[in-house]
Amino acid sequence: MVFVTEKTLSNKSNLQILYEDNHIIVVNKRAGDIVQGDKTGDKPLSDVVKNYIKDTYNKPGNVYLGTVHRLDRPTTGLVIFAKTSKVLPRLNKLFVSKDIKKTYWAIVKNKPQKAEDTLVHWLKKNTKNNKSHTTKNETEGSKKGILHYKLLKQLTNYFLLEITLETGRHHQIRTQLASIGCPIKGDLKYGFDRSNKDASIHLHAQSIEFVHPVKGNLMHITAPLPNDPIWNACL
């Protein structure tokens, strides 16, 4: 197994690069970055990575970069990109077949009733306000959402949860935790009482584990937490 931790990460072109080879590049997304372009017109992280590749390796013309998955704009943590068109469908297949294990950390307002549990809801997205809501039963247009959480640590005023997903739905972690009375710190959209100063929420894609789609070795990559007092208290 290849372990990639904070000791091996490098900072280049304002990117926190956690791992890179000829096939993939993994970066630690900052709060506020968008992974792909949207209606805001803000420069997406994918373009920043393309510029880094072009400048670092003196590549002429357009640079190929495939987006495999996304993180919400206020969320931080691991994002994988494909550097070749050959690798992109292989990575997509890993996500579809759930052969990629992603672990998230979240700071929540209230202590969940159970220290460890599986949450099952039906989630439906409202495109008008870009928000999802949960129901216990299936409704028209809803999709089943399953996650597992574990209480890792009690902080002075908050609680640290570790989350793994069985499904990948719109705002799934945010809405499912809110549904059990545990909104994520800073997440006004899902019931926290005030925003964070940097418009982030305390949700972090903390680690990822998968078999490299070309090399075949097992990869385990961990993203350092953002530097703020609440996250620092989790270490």
# chains A, B, ... in the order shown; residues from 1 in each chain; ligands from 1
call {"tool": "residues_around", "arguments": {"residues": "Gln113 (chain A)", "least_positions_apart": "5", "cutoff": "10 Å", "atoms": "only C-alpha atoms", "output": "list in words"}}
result
Ile180, Gly181 and Cys182 of chain A
call {"tool": "residues_around", "arguments": {"residues": "region 26-30 of chain A", "least_positions_apart": "6", "cutoff": "10 Å", "atoms": "only C-alpha atoms", "output": "number ranges by chain"}}
result
A: 9-11, 15-20, 45, 49, 71, 73-82, 200, 204-206, 221-226
call {"tool": "write_last_selection", "arguments": {"atoms": "C-alpha atoms", "output": "compact mmCIF listing (two decimals), in the first residue's frame"}}
result
# COMPACT_ATOMS: atom_id res chain seq x y z
CA LEU A 9 2.55 16.88 0.12
CA SER A 10 3.94 19.84 -1.78
CA ASN A 11 2.66 23.32 -2.50
CA LEU A 15 -2.17 24.35 -5.07
CA GLN A 16 -1.82 21.94 -2.19
CA ILE A 17 -0.84 18.86 -4.16
CA LEU A 18 -1.11 15.64 -2.19
CA TYR A 19 -0.16 13.19 -4.92
CA GLU A 20 0.79 13.31 -8.57
CA LEU A 45 -10.06 24.49 -9.47
CA VAL A 49 -4.72 22.52 -12.02
CA LEU A 71 -16.96 18.74 -3.47
CA ARG A 73 -17.91 24.96 -2.62
CA PRO A 74 -17.72 25.54 1.17
CA THR A 75 -16.24 22.06 1.78
CA THR A 76 -12.52 21.29 1.95
CA GLY A 77 -10.43 18.22 1.24
CA LEU A 78 -9.40 15.66 -1.34
CA VAL A 79 -10.24 16.00 -5.02
CA ILE A 80 -8.93 13.59 -7.67
CA PHE A 81 -8.37 14.60 -11.30
CA ALA A 82 -7.45 12.38 -14.26
CA SER A 200 -16.66 27.64 4.78
CA HIS A 204 -13.57 17.95 5.17
CA ALA A 205 -12.92 15.13 2.71
CA GLN A 206 -10.22 13.68 4.93
CA ILE A 221 -4.15 9.51 0.66
CA THR A 222 -4.88 11.82 3.59
CA ALA A 223 -5.60 15.55 3.33
CA PRO A 224 -4.37 17.86 6.12
CA LEU A 225 -7.12 19.74 7.92
CA PRO A 226 -7.59 23.48 7.40
call {"tool": "atom_distance", "arguments": {"atom1": "CA of Val211 (chain A)", "atom2": "CA of Phe95 (chain A)"}}
result
11.4 Å
call {"tool": "residues_around", "arguments": {"residues": "Arg169 (chain A)", "least_positions_apart": "2", "cutoff": "10 Å", "atoms": "only C-alpha atoms", "output": "MDAnalysis selection string"}}
result
chainID A and resid 122:125 132 143:146 165:167 171:173 175
call {"tool": "select_by_dssp", "arguments": {"residues": "chain A", "states": "strand (DSSP E)", "output": "ChimeraX atom specification"}}
result
/A:2-4,10-12,15-20,24-29,66-67,76-82,101-108,116-126,131-135,143-154,159-165,203-211,218-222
call {"tool": "select_by_dssp", "arguments": {"residues": "region 169-216 of chain A", "states": "helix (DSSP H, G or I)", "output": "PDB file with N, CA and C atoms, in the first residue's frame"}}
result
ATOM      1  N   GLN A 172     -25.525  15.311   0.563  1.00  0.00           N
ATOM      2  CA  GLN A 172     -25.992  14.185   1.371  1.00  0.00           C
ATOM      3  C   GLN A 172     -25.564  14.276   2.836  1.00  0.00           C
ATOM      4  N   ILE A 173     -24.276  14.490   3.085  1.00  0.00           N
ATOM      5  CA  ILE A 173     -23.806  14.532   4.473  1.00  0.00           C
ATOM      6  C   ILE A 173     -24.457  15.699   5.207  1.00  0.00           C
ATOM      7  N   ARG A 174     -24.516  16.832   4.554  1.00  0.00           N
ATOM      8  CA  ARG A 174     -25.049  18.035   5.185  1.00  0.00           C
ATOM      9  C   ARG A 174     -26.507  17.862   5.596  1.00  0.00           C
ATOM     10  N   THR A 175     -27.314  17.335   4.687  1.00  0.00           N
ATOM     11  CA  THR A 175     -28.748  17.229   4.981  1.00  0.00           C
ATOM     12  C   THR A 175     -29.067  16.058   5.905  1.00  0.00           C
ATOM     13  N   GLN A 176     -28.337  14.950   5.782  1.00  0.00           N
ATOM     14  CA  GLN A 176     -28.628  13.821   6.656  1.00  0.00           C
ATOM     15  C   GLN A 176     -28.209  14.108   8.101  1.00  0.00           C
ATOM     16  N   LEU A 177     -27.064  14.749   8.300  1.00  0.00           N
ATOM     17  CA  LEU A 177     -26.671  15.101   9.667  1.00  0.00           C
ATOM     18  C   LEU A 177     -27.638  16.130  10.256  1.00  0.00           C
ATOM     19  N   ALA A 178     -28.057  17.082   9.432  1.00  0.00           N
ATOM     20  CA  ALA A 178     -29.021  18.080   9.915  1.00  0.00           C
ATOM     21  C   ALA A 178     -30.335  17.414  10.320  1.00  0.00           C
ATOM     22  N   SER A 179     -30.703  16.352   9.619  1.00  0.00           N
ATOM     23  CA  SER A 179     -31.977  15.690   9.900  1.00  0.00           C
ATOM     24  C   SER A 179     -31.991  14.996  11.259  1.00  0.00           C
ATOM     25  N   LEU A 188     -25.248  27.420   7.347  1.00  0.00           N
ATOM     26  CA  LEU A 188     -26.525  28.120   7.500  1.00  0.00           C
ATOM     27  C   LEU A 188     -27.643  27.460   6.706  1.00  0.00           C
ATOM     28  N   LYS A 189     -27.299  26.941   5.533  1.00  0.00           N
ATOM     29  CA  LYS A 189     -28.314  26.352   4.654  1.00  0.00           C
ATOM     30  C   LYS A 189     -29.016  25.178   5.318  1.00  0.00           C
ATOM     31  N   TYR A 190     -28.311  24.478   6.194  1.00  0.00           N
ATOM     32  CA  TYR A 190     -28.887  23.294   6.815  1.00  0.00           C
ATOM     33  C   TYR A 190     -28.992  23.410   8.341  1.00  0.00           C
TER      34      TYR A 190
END
call {"tool": "atom_distance", "arguments": {"atom1": "CA of Lys102 (chain A)", "atom2": "CA of Tyr149 (chain A)"}}
result
12.4 Å
call {"tool": "atom_distance", "arguments": {"atom1": "CA of Val96 (chain A)", "atom2": "CA of Phe210 (chain A)"}}
result
12.7 Å
call {"tool": "residues_around", "arguments": {"residues": "Ala115 (chain A)", "least_positions_apart": "3", "cutoff": "7 Å", "atoms": "only C-alpha atoms", "output": "count of residues only"}}
result
3
call {"tool": "closest_residue", "arguments": {"among": "A:Lys86, A:Arg70, A:Lys153, A:Lys128", "to": "His170 (chain A)", "atoms": "only C-alpha atoms"}}
result
A:Arg70
call {"tool": "decode", "arguments": {"residues": "region 77-94 of chain A", "atoms": "N, CA and C atoms", "output": "mmCIF file, in the first residue's frame"}}
result
data_model
loop_
_atom_site.group_PDB
_atom_site.id
_atom_site.type_symbol
_atom_site.label_atom_id
_atom_site.label_comp_id
_atom_site.auth_asym_id
_atom_site.auth_seq_id
_atom_site.Cartn_x
_atom_site.Cartn_y
_atom_site.Cartn_z
ATOM 1 N N GLY A 77 -10.949 19.586 1.254
ATOM 2 C CA GLY A 77 -10.435 18.225 1.237
ATOM 3 C C GLY A 77 -10.089 17.681 -0.139
ATOM 4 N N LEU A 78 -9.945 16.381 -0.192
ATOM 5 C CA LEU A 78 -9.404 15.659 -1.342
ATOM 6 C C LEU A 78 -10.259 15.739 -2.595
ATOM 7 N N VAL A 79 -9.603 16.072 -3.711
ATOM 8 C CA VAL A 79 -10.239 15.996 -5.024
ATOM 9 C C VAL A 79 -9.258 15.318 -5.977
ATOM 10 N N ILE A 80 -9.748 14.320 -6.707
ATOM 11 C CA ILE A 80 -8.933 13.590 -7.672
ATOM 12 C C ILE A 80 -9.256 14.069 -9.078
ATOM 13 N N PHE A 81 -8.210 14.287 -9.883
ATOM 14 C CA PHE A 81 -8.374 14.596 -11.303
ATOM 15 C C PHE A 81 -7.608 13.570 -12.130
ATOM 16 N N ALA A 82 -8.134 13.260 -13.314
ATOM 17 C CA ALA A 82 -7.447 12.381 -14.260
ATOM 18 C C ALA A 82 -6.602 13.219 -15.208
ATOM 19 N N LYS A 83 -5.362 12.835 -15.398
ATOM 20 C CA LYS A 83 -4.462 13.581 -16.280
ATOM 21 C C LYS A 83 -4.496 13.067 -17.713
ATOM 22 N N THR A 84 -5.155 11.935 -17.951
ATOM 23 C CA THR A 84 -5.268 11.400 -19.305
ATOM 24 C C THR A 84 -6.688 10.916 -19.556
ATOM 25 N N SER A 85 -7.084 10.924 -20.818
ATOM 26 C CA SER A 85 -8.416 10.444 -21.185
ATOM 27 C C SER A 85 -8.537 8.941 -20.985
ATOM 28 N N LYS A 86 -7.425 8.238 -20.952
ATOM 29 C CA LYS A 86 -7.427 6.792 -20.726
ATOM 30 C C LYS A 86 -7.804 6.461 -19.285
ATOM 31 N N VAL A 87 -7.366 7.301 -18.359
ATOM 32 C CA VAL A 87 -7.572 7.020 -16.935
ATOM 33 C C VAL A 87 -8.954 7.454 -16.460
ATOM 34 N N LEU A 88 -9.510 8.499 -17.057
ATOM 35 C CA LEU A 88 -10.786 9.039 -16.578
ATOM 36 C C LEU A 88 -11.881 7.981 -16.475
ATOM 37 N N PRO A 89 -12.172 7.196 -17.520
ATOM 38 C CA PRO A 89 -13.247 6.195 -17.384
ATOM 39 C C PRO A 89 -12.931 5.126 -16.344
ATOM 40 N N ARG A 90 -11.663 4.847 -16.128
ATOM 41 C CA ARG A 90 -11.286 3.857 -15.110
ATOM 42 C C ARG A 90 -11.583 4.405 -13.715
ATOM 43 N N LEU A 91 -11.281 5.669 -13.493
ATOM 44 C CA LEU A 91 -11.599 6.287 -12.206
ATOM 45 C C LEU A 91 -13.114 6.401 -12.017
ATOM 46 N N ASN A 92 -13.808 6.785 -13.088
ATOM 47 C CA ASN A 92 -15.275 6.866 -13.010
ATOM 48 C C ASN A 92 -15.866 5.517 -12.621
ATOM 49 N N LYS A 93 -15.320 4.450 -13.174
ATOM 50 C CA LYS A 93 -15.815 3.105 -12.879
ATOM 51 C C LYS A 93 -15.604 2.754 -11.408
ATOM 52 N N LEU A 94 -14.469 3.180 -10.844
ATOM 53 C CA LEU A 94 -14.200 2.927 -9.429
ATOM 54 C C LEU A 94 -15.248 3.597 -8.543
#
